[in-house]
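Read through the structure below, which is laid out as structure tokens, and then see the notes.
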Amino acid sequence: MAIVRIIKRQGDPEELERQYRTVASRMEAQPLADGLTAHIALRDGNGIQIINVWESEAHAQAAFERPEFQDALREAGLTPADMQPEDYEALNVRTA
């Protein structure tokens, strides 16, 4: 079962974007996490949202626990507690 994992962060948009770009640039240098189907980062009225579609919850959790991801969070000044995800079962996922 595919899941959608959404992380919503509120605060100073420039700081949130800086943190996101720090983590993203570190992770782009790594092999793509197993089971990742789609990744979207967007600004909303209160901050940013990061939306990932995973083949399963196990894939999502394994990627979150990757040492490379944890190191990237620390470099950005974040902790795992800053990344409280909401998980949803995907009813349909279409990509181009």
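Residues in the structure tokens are numbered from 1 in each chain, the chains being A, B, ... in the order shown, and ligands are numbered from 1 in the order shown.
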> What are the DSSP strand (DSSP E or B) residues of chain A, as number ranges by chain?
Replying inline: A: 3-10, 36-44, 47-54, 85-89
> Skipping near chain neighbours, those fewer than 3 positions away, what residues fall within 10 Å of Ile40 in chain A using only C-alpha atoms, listed as a list in words?
Replying inline: Ile6, Gln49, Ile50, Ile51, Asn52 and Val53 of chain A
Write out the residues from the selection above, keeping N, CA and C atoms, as a PDB file, in the first residue's frame.
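Below is the file that was written, again.pdb:
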```
ATOM      1  N   ILE A   6       3.420  13.656   4.733  1.00  0.00           N
ATOM      2  CA  ILE A   6       3.455  15.112   4.642  1.00  0.00           C
ATOM      3  C   ILE A   6       4.076  15.677   5.913  1.00  0.00           C
ATOM      4  N   GLN A  49       5.678  22.854   3.091  1.00  0.00           N
ATOM      5  CA  GLN A  49       5.231  21.474   3.206  1.00  0.00           C
ATOM      6  C   GLN A  49       6.130  20.616   2.331  1.00  0.00           C
ATOM      7  N   ILE A  50       6.454  19.453   2.846  1.00  0.00           N
ATOM      8  CA  ILE A  50       7.237  18.473   2.100  1.00  0.00           C
ATOM      9  C   ILE A  50       6.361  17.240   1.972  1.00  0.00           C
ATOM     10  N   ILE A  51       6.130  16.829   0.745  1.00  0.00           N
ATOM     11  CA  ILE A  51       5.211  15.731   0.465  1.00  0.00           C
ATOM     12  C   ILE A  51       5.977  14.643  -0.270  1.00  0.00           C
ATOM     13  N   ASN A  52       6.001  13.465   0.311  1.00  0.00           N
ATOM     14  CA  ASN A  52       6.658  12.320  -0.317  1.00  0.00           C
ATOM     15  C   ASN A  52       5.656  11.194  -0.476  1.00  0.00           C
ATOM     16  N   VAL A  53       5.719  10.527  -1.616  1.00  0.00           N
ATOM     17  CA  VAL A  53       4.900   9.335  -1.861  1.00  0.00           C
ATOM     18  C   VAL A  53       5.847   8.148  -1.814  1.00  0.00           C
TER      19      VAL A  53
END
```
Kindly assemble as a Markdown table a list of the range 14-49 of chain A residues that lie within 9 Å of range 74-86 of chain A, each paired with its nearest atom pair and their distance in Å to one decimal, using only C-alpha atoms, sorted first by chain and then by ascending residue number.
```
| residue | atom | partner | partner_atom | distance |
| --- | --- | --- | --- | --- |
| A:Arg18 | CA | A:Ala76 | CA | 7.9 |
| A:Gln19 | CA | A:Ala76 | CA | 5.0 |
| A:Tyr20 | CA | A:Ala76 | CA | 7.7 |
| A:Arg21 | CA | A:Ala76 | CA | 8.6 |
| A:Thr22 | CA | A:Ala76 | CA | 5.7 |
| A:Val23 | CA | A:Ala76 | CA | 6.4 |
```
Could those selected residues go to a file with C-alpha atoms, as an mmCIF file, in the first residue's frame?
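Saved result, out-v6.cif, follows:
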```
data_model
loop_
_atom_site.group_PDB
_atom_site.id
_atom_site.type_symbol
_atom_site.label_atom_id
_atom_site.label_comp_id
_atom_site.auth_asym_id
_atom_site.auth_seq_id
_atom_site.Cartn_x
_atom_site.Cartn_y
_atom_site.Cartn_z
ATOM 1 C CA ARG A 18 17.339 27.419 3.804
ATOM 2 C CA GLN A 19 16.899 24.355 6.018
ATOM 3 C CA TYR A 20 15.050 22.498 3.264
ATOM 4 C CA ARG A 21 17.704 23.307 0.661
ATOM 5 C CA THR A 22 20.481 22.182 3.030
ATOM 6 C CA VAL A 23 18.839 18.789 3.524
#
```
Excluding range 26-39 of chain A and any residue of its chain fewer than 6 positions from it, enumerate the residues within 9 Å of it, using only C-alpha atoms, and give them as a CSV table (one decimal) with N, CA and C atoms, in the first residue's frame.
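That gives us around00.csv:
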```
chain,number,residue,atom,x,y,z
A,2,ALA,N,0.7,2.1,-1.0
A,2,ALA,CA,1.5,3.4,-1.0
A,2,ALA,C,1.0,4.3,0.0
A,50,ILE,N,6.5,19.5,2.8
A,50,ILE,CA,7.2,18.5,2.1
A,50,ILE,C,6.4,17.2,2.0
A,51,ILE,N,6.1,16.8,0.7
A,51,ILE,CA,5.2,15.7,0.5
A,51,ILE,C,6.0,14.6,-0.3
A,52,ASN,N,6.0,13.5,0.3
A,52,ASN,CA,6.7,12.3,-0.3
A,52,ASN,C,5.7,11.2,-0.5
A,53,VAL,N,5.7,10.5,-1.6
A,53,VAL,CA,4.9,9.3,-1.9
A,53,VAL,C,5.8,8.1,-1.8
A,54,TRP,N,5.5,7.2,-1.0
A,54,TRP,CA,6.3,6.0,-0.8
A,54,TRP,C,5.6,4.7,-1.1
A,55,GLU,N,6.3,3.7,-1.6
A,55,GLU,CA,5.7,2.4,-1.9
A,55,GLU,C,5.0,1.8,-0.6
A,56,SER,N,5.6,2.1,0.5
A,56,SER,CA,5.1,1.5,1.8
A,56,SER,C,5.6,2.4,3.0
A,58,ALA,N,7.1,1.1,5.5
A,58,ALA,CA,8.4,0.6,5.8
A,58,ALA,C,9.5,1.3,5.0
A,59,HIS,N,9.2,1.6,3.7
A,59,HIS,CA,10.2,2.4,2.9
A,59,HIS,C,10.3,3.8,3.5
A,60,ALA,N,9.2,4.4,3.9
A,60,ALA,CA,9.3,5.8,4.4
A,60,ALA,C,10.1,5.8,5.7
A,62,ALA,N,12.4,3.6,6.8
A,62,ALA,CA,13.8,3.3,6.5
A,62,ALA,C,14.5,4.5,6.0
A,63,ALA,N,13.9,5.3,5.1
A,63,ALA,CA,14.5,6.5,4.5
A,63,ALA,C,14.7,7.5,5.6
A,66,ARG,N,17.8,6.7,7.7
A,66,ARG,CA,19.1,6.6,7.0
A,66,ARG,C,20.1,7.6,7.7
A,68,GLU,N,22.5,9.1,6.5
A,68,GLU,CA,22.7,10.3,5.6
A,68,GLU,C,21.7,11.4,5.8
A,69,PHE,N,20.4,10.9,6.0
A,69,PHE,CA,19.3,11.9,6.2
A,69,PHE,C,19.4,12.5,7.6
A,71,ASP,N,22.1,13.0,9.3
A,71,ASP,CA,23.3,13.9,9.2
A,71,ASP,C,22.8,15.2,8.6
A,72,ALA,N,22.1,15.1,7.5
A,72,ALA,CA,21.6,16.3,6.8
A,72,ALA,C,20.7,17.1,7.6
A,93,VAL,N,-2.0,7.2,-7.3
A,93,VAL,CA,-0.8,8.0,-7.6
A,93,VAL,C,-0.5,7.9,-9.1
A,95,THR,N,1.9,9.6,-12.2
A,95,THR,CA,3.0,10.5,-12.6
A,95,THR,C,3.1,10.6,-14.1
```
>> For the structure I just gave you, how does DSSP split chain A - specifically, which residues are alpha helix (DSSP H)? Reply as number ranges by chain.
In response: A: 13-28, 57-65, 67-75
Residues from last step as file, C-alpha atoms, as a tab-separated table (two decimals), in the first residue's frame:
```tsv
chain	number	residue	atom	x	y	z
A	13	PRO	CA	9.85	31.19	5.16
A	14	GLU	CA	13.45	32.11	4.34
A	15	GLU	CA	14.85	30.07	7.23
A	16	LEU	CA	12.60	27.10	6.44
A	17	GLU	CA	13.66	27.21	2.79
A	18	ARG	CA	17.34	27.42	3.80
A	19	GLN	CA	16.90	24.35	6.02
A	20	TYR	CA	15.05	22.50	3.26
A	21	ARG	CA	17.70	23.31	0.66
A	22	THR	CA	20.48	22.18	3.03
A	23	VAL	CA	18.84	18.79	3.52
A	24	ALA	CA	17.81	18.47	-0.14
A	25	SER	CA	21.29	19.23	-1.46
A	26	ARG	CA	22.84	16.64	0.84
A	27	MET	CA	20.26	14.00	-0.14
A	28	GLU	CA	20.57	14.73	-3.88
A	57	GLU	CA	5.34	2.84	5.33
A	58	ALA	CA	8.39	0.61	5.81
A	59	HIS	CA	10.16	2.38	2.93
A	60	ALA	CA	9.29	5.79	4.39
A	61	GLN	CA	10.56	4.85	7.83
A	62	ALA	CA	13.76	3.32	6.51
A	63	ALA	CA	14.52	6.49	4.54
A	64	PHE	CA	13.85	8.67	7.58
A	65	GLU	CA	16.26	6.58	9.64
A	67	PRO	CA	22.26	7.99	8.65
A	68	GLU	CA	22.73	10.29	5.64
A	69	PHE	CA	19.31	11.85	6.22
A	70	GLN	CA	19.88	12.24	9.95
A	71	ASP	CA	23.27	13.89	9.24
A	72	ALA	CA	21.61	16.27	6.76
A	73	LEU	CA	18.99	17.23	9.36
A	74	ARG	CA	21.71	18.03	11.90
A	75	GLU	CA	23.62	20.10	9.34
```
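The space separating CA of Asn46 in chain A from CA of Ile7 in chain A comes to 12.8 Å.
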> Contacts of Asp87 in chain A at 8 Å or less, counting only C-alpha atoms, minus same-chain residues fewer than 6 places along, as number ranges by chain?
Replying inline: A: 3-6
Selection file, C-alpha atoms, as a short mmCIF file (atom, residue, chain, number, x, y, z; two decimals), in the first residue's frame:
```
data_model
loop_
_atom_site.label_atom_id
_atom_site.label_comp_id
_atom_site.auth_asym_id
_atom_site.auth_seq_id
_atom_site.Cartn_x
_atom_site.Cartn_y
_atom_site.Cartn_z
CA ILE A 3 1.51 6.11 1.55
CA VAL A 4 1.78 9.87 1.35
CA ARG A 5 3.94 11.38 4.08
CA ILE A 6 3.46 15.11 4.64
#
```
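Here CA of Leu42 in chain A is placed at a distance of 19.1 Å from CA of Ala90 in chain A.
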